[in-house]
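upload_8.cif follows (mmCIF, C-alpha atoms and all ligand atoms):
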data_final
loop_
_atom_site.label_atom_id
_atom_site.label_comp_id
_atom_site.auth_asym_id
_atom_site.auth_seq_id
_atom_site.Cartn_x
_atom_site.Cartn_y
_atom_site.Cartn_z
CA MET N 1 33.07 -8.88 5.30
CA GLN N 2 32.55 -5.88 3.14
CA ASN N 3 34.69 -2.80 3.44
CA ALA N 4 33.86 -0.83 6.54
CA ALA N 5 30.94 1.45 5.81
CA PRO N 6 31.38 5.10 6.71
CA VAL N 7 30.06 6.62 9.92
CA ARG N 8 28.44 9.78 8.65
CA THR N 9 28.29 13.01 10.60
CA SER N 10 26.87 16.47 10.10
CA ALA N 11 29.36 19.30 9.61
CA LEU N 12 26.76 21.65 11.07
CA LEU N 13 26.32 19.68 14.31
CA THR N 14 30.06 19.03 14.57
CA SER N 15 30.70 22.76 14.35
CA LEU N 16 28.78 23.36 17.59
CA GLY N 17 31.59 21.80 19.60
CA TRP N 18 29.66 20.66 22.69
CA LEU N 19 28.14 17.42 21.44
CA ASP N 20 28.94 14.11 19.78
CA HIS N 21 26.72 12.42 17.21
CA ALA N 22 26.75 9.86 14.42
CA PHE N 23 24.63 8.44 11.66
CA LEU N 24 25.84 4.85 11.94
CA PRO N 25 25.90 2.46 8.97
CA ALA N 26 23.37 -0.34 8.73
CA GLY N 27 23.91 -3.09 11.25
CA ILE N 28 26.40 -1.25 13.49
CA ALA N 29 25.48 -1.25 17.17
CA PRO N 30 24.93 2.11 18.89
CA PRO N 31 26.43 3.03 22.28
CA GLU N 32 25.18 0.69 25.04
CA GLU N 33 23.72 3.45 27.16
CA ILE N 34 21.39 5.04 24.60
CA ALA N 35 17.86 6.08 25.41
CA CYS N 36 15.62 5.03 22.55
CA GLY N 37 11.89 4.48 22.22
CA HIS N 38 10.01 1.56 20.76
CA GLN N 39 9.16 3.35 17.52
CA ARG N 40 5.62 3.29 16.19
CA HIS N 41 5.51 6.04 13.50
CA SER N 42 3.76 8.16 16.12
CA PRO N 43 4.12 11.82 17.14
CA THR N 44 5.11 10.78 20.67
CA VAL N 45 8.23 12.44 22.08
CA VAL N 46 9.57 11.52 25.53
CA MET N 47 12.42 12.49 27.82
CA SER N 48 15.47 10.25 27.93
CA GLU N 49 14.63 8.86 31.39
CA GLU N 50 11.43 7.39 29.97
CA ALA N 51 13.24 5.66 27.10
CA PHE N 52 16.00 4.04 29.13
CA PRO N 53 16.59 1.14 29.16
CA ARG N 54 15.92 1.33 25.44
CA LYS N 55 12.52 0.47 23.98
CA GLN N 56 10.78 0.37 27.35
CA CYS N 57 8.25 2.91 26.12
CA GLU N 58 6.64 3.71 22.80
CA ALA N 59 8.07 6.90 21.34
CA ASP N 60 9.45 8.21 18.05
CA GLY N 61 11.41 11.08 19.53
CA VAL N 62 13.66 11.26 22.59
CA ILE N 63 15.08 14.38 24.25
CA ALA N 64 18.02 14.50 26.67
CA THR N 65 18.73 17.37 29.03
CA ASP N 66 21.72 15.50 30.43
CA PRO N 67 24.71 13.70 28.83
CA ARG N 68 22.84 10.47 28.04
CA PRO N 69 22.93 9.70 24.29
CA VAL N 70 19.55 9.58 22.60
CA ALA N 71 18.99 7.55 19.45
CA VAL N 72 16.60 6.46 16.76
CA TYR N 73 16.78 3.48 14.41
CA THR N 74 15.71 3.83 10.81
CA ALA N 75 15.74 2.15 7.43
CA ASP N 76 14.32 4.53 4.82
CA CYS N 77 12.69 6.98 7.24
CA LEU N 78 14.34 10.27 8.22
CA PRO N 79 16.72 10.15 11.19
CA VAL N 80 16.65 13.68 12.57
CA LEU N 81 19.14 14.91 15.19
CA ILE N 82 18.49 18.24 16.91
CA ALA N 83 20.71 20.35 19.15
CA ASP N 84 19.65 23.34 21.23
CA THR N 85 22.59 25.71 21.64
CA ARG N 86 20.77 27.66 24.36
CA GLN N 87 20.16 24.88 26.90
CA HIS N 88 22.52 22.26 25.44
CA HIS N 89 19.63 19.84 25.09
CA VAL N 90 19.59 17.27 22.28
CA ALA N 91 16.93 15.21 20.52
CA ALA N 92 16.74 12.25 18.16
CA VAL N 93 13.61 11.86 16.05
CA HIS N 94 12.36 9.08 13.76
CA ALA N 95 10.26 10.62 11.00
CA GLY N 96 9.01 8.48 8.16
CA LEU N 97 6.22 9.70 5.94
CA LYS N 98 3.59 8.46 8.40
CA GLY N 99 5.26 9.95 11.48
CA ALA N 100 5.98 13.22 9.71
CA LEU N 101 2.34 13.56 8.67
CA ALA N 102 1.34 12.72 12.26
CA GLY N 103 3.46 15.66 13.47
CA VAL N 104 6.46 14.11 15.19
CA LEU N 105 8.84 16.89 14.08
CA PRO N 106 6.76 19.82 15.40
CA ALA N 107 6.12 17.76 18.55
CA ALA N 108 9.86 17.42 19.16
CA VAL N 109 10.57 21.07 18.39
CA ASN N 110 7.71 22.24 20.62
CA ARG N 111 9.01 20.13 23.48
CA LEU N 112 12.48 21.67 23.08
CA LEU N 113 10.95 25.15 22.99
CA ALA N 114 9.04 24.38 26.20
CA LEU N 115 12.37 23.39 27.76
CA GLY N 116 13.90 26.76 26.96
CA ALA N 117 15.02 26.64 23.33
CA THR N 118 14.17 29.26 20.74
CA PRO N 119 13.80 28.52 17.01
CA GLU N 120 17.05 30.45 16.46
CA SER N 121 18.92 28.25 18.95
CA LEU N 122 18.06 24.96 17.21
CA PHE N 123 20.42 23.20 14.80
CA VAL N 124 19.21 20.14 12.91
CA ALA N 125 20.72 17.40 10.76
CA ILE N 126 18.63 15.02 8.66
CA GLY N 127 20.59 11.85 7.97
CA PRO N 128 20.50 9.24 5.21
CA ALA N 129 16.96 8.36 4.11
CA ILE N 130 15.15 7.42 0.97
CA ALA N 131 15.45 10.22 -1.56
CA PRO N 132 13.24 11.17 -4.50
CA CYS N 133 15.53 9.19 -6.84
CA CYS N 134 14.08 6.00 -5.34
CA TYR N 135 10.85 6.89 -3.54
CA GLU N 136 7.93 6.29 -5.85
CA LEU N 137 4.46 6.79 -4.44
CA GLY N 138 1.05 6.36 -6.00
CA GLN N 139 -1.13 9.34 -6.82
CA ASP N 140 -3.49 8.30 -4.04
CA VAL N 141 -0.73 8.60 -1.44
CA LEU N 142 0.28 11.96 -2.89
CA GLY N 143 -3.30 13.12 -2.44
CA THR N 144 -3.20 12.11 1.22
CA ILE N 145 0.08 13.99 1.68
CA ILE N 146 -1.08 17.19 0.01
CA SER N 147 -4.31 17.28 2.01
CA ASN N 148 -2.40 17.17 5.32
CA PRO N 149 -2.40 20.64 6.92
CA ARG N 150 1.22 20.20 8.05
CA VAL N 151 2.34 19.91 4.44
CA THR N 152 2.82 23.44 3.19
CA ALA N 153 5.31 23.01 0.32
CA PRO N 154 5.44 19.40 -0.89
CA GLN N 155 8.13 18.59 -3.41
CA TRP N 156 7.95 15.74 -5.89
CA PHE N 157 8.94 14.86 -9.43
CA SER N 158 6.70 13.44 -12.13
CA THR N 159 9.65 11.62 -13.69
CA GLN N 160 12.32 9.76 -11.77
CA PRO N 161 15.29 12.00 -10.88
CA ILE N 162 18.74 10.63 -11.71
CA ASN N 163 21.04 10.32 -8.69
CA LEU N 164 24.59 10.97 -9.90
CA HIS N 165 25.92 9.59 -6.60
CA ALA N 166 24.17 6.23 -6.92
CA VAL N 167 26.44 3.24 -6.23
CA ARG N 168 23.80 0.69 -7.30
CA PRO N 169 20.72 0.85 -9.51
CA GLN N 170 18.01 3.23 -8.41
CA ALA N 171 14.56 1.86 -7.63
CA GLU N 172 12.71 0.67 -10.68
CA ALA N 173 9.53 2.53 -11.52
CA LYS N 174 6.63 0.29 -10.57
CA ASN N 175 3.36 2.06 -10.14
CA GLN N 176 3.43 5.01 -12.55
CA GLY N 177 3.24 7.33 -9.62
CA ILE N 178 5.38 10.26 -8.53
CA TRP N 179 8.84 10.52 -6.94
CA PHE N 180 8.43 12.11 -3.56
CA ASP N 181 11.04 14.13 -1.67
CA LEU N 182 10.75 12.97 1.94
CA PRO N 183 13.87 14.81 3.20
CA ALA N 184 12.45 18.05 1.76
CA LEU N 185 9.21 17.42 3.64
CA GLY N 186 11.13 17.12 6.90
CA ARG N 187 13.06 20.29 6.12
CA GLN N 188 9.87 22.17 5.29
CA MET N 189 8.29 21.20 8.61
CA LEU N 190 11.36 22.50 10.45
CA LEU N 191 11.32 25.74 8.47
CA ASP N 192 7.64 26.10 9.34
CA MET N 193 8.69 25.95 13.01
CA LYS N 194 10.84 29.05 12.25
CA ILE N 195 14.18 27.28 12.43
CA PRO N 196 16.57 29.23 10.16
CA ALA N 197 17.37 27.50 6.85
CA ALA N 198 21.12 27.80 7.45
CA GLN N 199 20.65 25.74 10.63
CA ILE N 200 19.18 22.70 8.86
CA GLU N 201 21.52 20.27 7.10
CA VAL N 202 20.23 17.44 4.91
CA LEU N 203 22.85 14.76 4.21
CA PRO N 204 22.65 13.92 0.49
CA VAL N 205 22.59 10.14 0.88
CA CYS N 206 19.80 7.90 -0.43
CA THR N 207 19.41 4.68 1.57
CA TYR N 208 18.21 2.83 -1.53
CA CYS N 209 20.87 3.70 -4.10
CA SER N 210 23.77 5.58 -2.48
CA ALA N 211 24.23 4.38 1.12
CA GLU N 212 26.04 1.20 2.18
CA PRO N 213 24.31 -2.09 1.32
CA GLN N 214 21.40 -3.28 3.47
CA SER N 215 20.31 0.21 4.44
CA SER N 216 17.00 0.14 2.68
CA TYR N 217 13.89 -1.69 3.80
CA ARG N 218 12.32 -0.72 0.50
CA ARG N 219 15.20 -2.11 -1.54
CA ASN N 220 15.06 -5.33 0.46
CA ALA N 221 11.36 -5.58 -0.31
CA HIS N 222 12.29 -5.43 -4.01
CA PHE N 223 15.40 -7.65 -3.99
CA SER N 224 15.48 -9.58 -0.67
CA ASP N 225 19.19 -8.85 -0.29
CA GLY N 226 18.81 -8.14 3.40
CA TYR N 227 18.58 -5.05 5.46
CA ALA N 228 19.72 -3.98 8.88
CA LEU N 229 18.64 -1.06 10.98
CA ARG N 230 20.80 2.02 11.09
CA TYR N 231 21.14 3.88 14.37
CA SER N 232 21.61 7.64 14.65
CA TRP N 233 22.53 9.13 17.99
CA ILE N 234 23.42 12.44 19.61
CA GLN N 235 24.88 13.23 23.02
CA ARG N 236 25.85 16.31 24.94
CA ARG N 237 29.42 16.18 26.23
CA THR N 238 29.82 16.19 29.97
ZN ZN C 301 18.11 6.69 -4.54
#

Whole structure given in structure tokens:
Amino acid sequence: MQNAAPVRTSALLTSLGWLDHAFLPAGIAPPEEIACGHQRHSPTVVMSEEAFPRKQCEADGVIATDPRPVAVYTADCLPVLIADTRQHHVAAVHAGLKGALAGVLPAAVNRLLALGATPESLFVAIGPAIAPCCYELGQDVLGTIISNPRVTAPQWFSTQPINLHAVRPQAEAKNQGIWFDLPALGRQMLLDMKIPAAQIEVLPVCTYCSAEPQSSYRRNAHFSDGYALRYSWIQRRT
């Protein structure tokens, strides 16, 4: 057994006081009663009743208007937890590059707005995900990203950024591409939905080089040292 990996939380979400949430380490089981879709990198967002028992429907975002915890499972994709302080609704969203480009974040925000939220009442935390220090993409993929109308301010680096918080080697450059900032893309899409910048927290943890071992699907593809899904969940208190 390795030392217990930390359960990460968002100071911003914690400060709200009416909910519980966690970005669990790789391989740690979530609460039994979670609602969670069978994730397909789609823009589909459902209500918690449709995603309980877990994985009975295909969805990449789940919203709860009641105290049931909603969850997503990720490896290198963005786990995004959203709280609406107006209605006390919560959402969990799985947004990798593919799902983000397909519009899963605006889909989740729009559903919350339809349920009575306003952009000013939404608070968001983006959990551990692959960061630009380890996320190399080819120029062809960058072209696809930039041409997507939902991408209004893409951020990337032409040389690999150094991650001072790395606890193991960063990804090795392989395809002479660019180093893309996926968390920044998620943040930009939330800003474009008029959510105030001060209400969006991005946890500075890269699944490849600075999270607990076995967090990264991409690292496992390079080194075959195993990976396990990480669950992120959020729940309104009763
Ligand atoms: Zn990294």

Hey, could you make a per-residue contact list for chain N against ligand ZN 301 (chain C) with 9 Å as the cut-off, showing the nearest pair of atoms and its distance in Å to one decimal, counting only C-alpha atoms and all ligand atoms, sorted by chain and number, as a tab-separated table?
residue	atom	partner	partner_atom	distance
N:Ala129	CA	C:ZN301	ZN	8.9
N:Ile130	CA	C:ZN301	ZN	6.3
N:Ala131	CA	C:ZN301	ZN	5.3
N:Pro132	CA	C:ZN301	ZN	6.6
N:Cys133	CA	C:ZN301	ZN	4.3
N:Cys134	CA	C:ZN301	ZN	4.2
N:Tyr135	CA	C:ZN301	ZN	7.3
N:Pro161	CA	C:ZN301	ZN	8.7
N:Ile162	CA	C:ZN301	ZN	8.2
N:Asn163	CA	C:ZN301	ZN	6.2
N:His165	CA	C:ZN301	ZN	8.6
N:Ala166	CA	C:ZN301	ZN	6.5
N:Arg168	CA	C:ZN301	ZN	8.7
N:Pro169	CA	C:ZN301	ZN	8.1
N:Gln170	CA	C:ZN301	ZN	5.2
N:Ala171	CA	C:ZN301	ZN	6.7
N:Val205	CA	C:ZN301	ZN	7.8
N:Cys206	CA	C:ZN301	ZN	4.6
N:Thr207	CA	C:ZN301	ZN	6.6
N:Tyr208	CA	C:ZN301	ZN	4.9
N:Cys209	CA	C:ZN301	ZN	4.1
N:Ser210	CA	C:ZN301	ZN	6.1
N:Ala211	CA	C:ZN301	ZN	8.7

Next item on the list: Measure the distance from atom CA of N:Ala83 to atom CA of N:Ile200 in Å and round it to one decimal.
Entry: 10.7 Å

Note to self: Using Å and a single decimal, report how far atom CA of N:Ala100 sits from atom CA of N:Ser158.
What the structure shows: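 Between atom CA of N:Ser158 and atom CA of N:Ala100 the gap is 21.9 Å.
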
Check: By how many Å are atom CA of N:Ala91 and atom CA of N:Arg218 apart?
Finding: 26.0 Å

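Nearest residue to N:Ile34 among N:Arg236, N:His21, N:Arg8, N:Arg68 is N:Arg68, counting all atoms listed in the file.
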
Margin query: Which residues are near N:His41? Cut-off 7 Å, only C-alpha atoms, ignore same chain within fewer than 3 positions. Put them as a list in words.
Written below: Asp60, Gly96, Lys98 and Gly99 of chain N

Quick one: write out the picked residues with C-alpha atoms as an mmCIF file, in the frame of the given file?
data_model
loop_
_atom_site.group_PDB
_atom_site.id
_atom_site.type_symbol
_atom_site.label_atom_id
_atom_site.label_comp_id
_atom_site.auth_asym_id
_atom_site.auth_seq_id
_atom_site.Cartn_x
_atom_site.Cartn_y
_atom_site.Cartn_z
ATOM 1 C CA ASP N 60 9.450 8.210 18.050
ATOM 2 C CA GLY N 96 9.010 8.480 8.160
ATOM 3 C CA LYS N 98 3.590 8.460 8.400
ATOM 4 C CA GLY N 99 5.260 9.950 11.480
#

Note to self: List as a ChimeraX atom specification the residues having at least one atom at most 9 Å from position (2.7, 10.9, 16.2) as given in the file, counting only C-alpha atoms.
What the structure shows: /N:40-45,59-60,98-105,107

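Nearest-residue note for N:Trp156: choosing from N:Ala173, N:Ala71, N:Leu112, N:Ile178, the minimum distance belongs to N:Ile178, counting only C-alpha atoms.
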
Margin query: Which residue is closest to N:Pro204? Choose from N:Ala29, N:Ala117, N:Leu13, N:Ala184 and count only C-alpha atoms.
Written below: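 Closest residue, counting only C-alpha atoms: N:Ala184.
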
Check: Which is closest to N:Leu182 among N:Val124, N:Val151, N:Ala197, N:Leu16, if we use all atoms listed in the file?
Finding: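 Using all atoms listed in the file, N:Leu182 sits closest to N:Val151.
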
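Non-sequential neighbours of N:Glu49 (distance at most 10 Å, separation of 6 or more positions within a chain, all atoms listed in the file) are N:Ala35, N:Cys36, N:Val62, N:Ile63, N:Ala64, N:Thr65, N:Asp66, N:Arg68.
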
Next item on the list: Would you mind telling me which residue in N:Gln199, N:Leu24, N:Ser224, N:Asn175 lies nearest to N:Gly138 when using all atoms listed in the file?
Entry: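 Answer, going by the shortest atom-to-atom distance: N:Asn175.
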
Note to self: For N:Ala228, find every residue with an atom within 10 Å (counting only C-alpha atoms), except residues of its own chain fewer than 3 positions away, and show them as a PyMOL selection string.
What the structure shows: chain N and resi 25-28+73-75+213-217+220+231

Checklist line | Residue with smallest distance to N:Ala95 - pool N:Thr9, N:Thr144, N:Gln155, N:Gln39, counting only C-alpha atoms | finding: N:Gln39

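Every protein or nucleic acid residue with an atom no more than 12 Å from N:Thr14, counting all atoms listed in the file and leaving out same-chain residues fewer than 3 positions away, appears here: Arg8, Thr9, Ser10, Ala11, Gly17, Trp18, Leu19, Asp20, His21, Ala22, Leu81, Ile82, Ala83, Phe123, Val124, Ala125, Glu201, Ile234, Gln235 and Arg236 of chain N.
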
Note to self: Could you list, as an NGL selection string, every residue within 10 Å of N:Gly177, counting only C-alpha atoms and ignoring same-chain residues fewer than 3 positions away?
What the structure shows: :N and (135-142 or 157-160 or 173-174 or 180)

Atoms are missing here; could stretch 217-231 of chain N be completed with N, CA and C atoms and written as an mmCIF file, in the frame of the given file?
data_model
loop_
_atom_site.group_PDB
_atom_site.id
_atom_site.type_symbol
_atom_site.label_atom_id
_atom_site.label_comp_id
_atom_site.auth_asym_id
_atom_site.auth_seq_id
_atom_site.Cartn_x
_atom_site.Cartn_y
_atom_site.Cartn_z
ATOM 1 N N TYR N 217 14.984 -0.742 3.655
ATOM 2 C CA TYR N 217 13.890 -1.690 3.800
ATOM 3 C C TYR N 217 13.167 -1.835 2.463
ATOM 4 N N ARG N 218 13.034 -0.707 1.768
ATOM 5 C CA ARG N 218 12.320 -0.720 0.500
ATOM 6 C C ARG N 218 13.081 -1.520 -0.556
ATOM 7 N N ARG N 219 14.427 -1.334 -0.589
ATOM 8 C CA ARG N 219 15.200 -2.110 -1.540
ATOM 9 C C ARG N 219 15.113 -3.603 -1.213
ATOM 10 N N ASN N 220 15.152 -3.928 0.082
ATOM 11 C CA ASN N 220 15.060 -5.330 0.460
ATOM 12 C C ASN N 220 13.722 -5.921 0.044
ATOM 13 N N ALA N 221 12.675 -5.104 0.117
ATOM 14 C CA ALA N 221 11.360 -5.580 -0.310
ATOM 15 C C ALA N 221 11.379 -5.898 -1.809
ATOM 16 N N HIS N 222 12.224 -5.193 -2.566
ATOM 17 C CA HIS N 222 12.290 -5.430 -4.010
ATOM 18 C C HIS N 222 13.247 -6.568 -4.355
ATOM 19 N N PHE N 223 14.341 -6.713 -3.584
ATOM 20 C CA PHE N 223 15.400 -7.650 -3.990
ATOM 21 C C PHE N 223 15.726 -8.718 -2.956
ATOM 22 N N SER N 224 15.196 -8.594 -1.732
ATOM 23 C CA SER N 224 15.480 -9.580 -0.670
ATOM 24 C C SER N 224 16.977 -9.782 -0.445
ATOM 25 N N ASP N 225 17.754 -8.698 -0.544
ATOM 26 C CA ASP N 225 19.190 -8.850 -0.290
ATOM 27 C C ASP N 225 19.548 -8.439 1.141
ATOM 28 N N GLY N 226 18.552 -8.373 1.987
ATOM 29 C CA GLY N 226 18.810 -8.140 3.400
ATOM 30 C C GLY N 226 18.808 -6.675 3.766
ATOM 31 N N TYR N 227 18.424 -6.415 4.976
ATOM 32 C CA TYR N 227 18.580 -5.050 5.460
ATOM 33 C C TYR N 227 18.789 -5.091 6.951
ATOM 34 N N ALA N 228 19.450 -4.072 7.453
ATOM 35 C CA ALA N 228 19.720 -3.980 8.880
ATOM 36 C C ALA N 228 19.445 -2.546 9.303
ATOM 37 N N LEU N 229 18.966 -2.396 10.508
ATOM 38 C CA LEU N 229 18.640 -1.060 10.980
ATOM 39 C C LEU N 229 19.888 -0.201 11.091
ATOM 40 N N ARG N 230 19.702 1.085 10.903
ATOM 41 C CA ARG N 230 20.800 2.020 11.090
ATOM 42 C C ARG N 230 20.440 2.933 12.266
ATOM 43 N N TYR N 231 21.356 3.027 13.180
ATOM 44 C CA TYR N 231 21.140 3.880 14.370
ATOM 45 C C TYR N 231 21.767 5.243 14.154
#
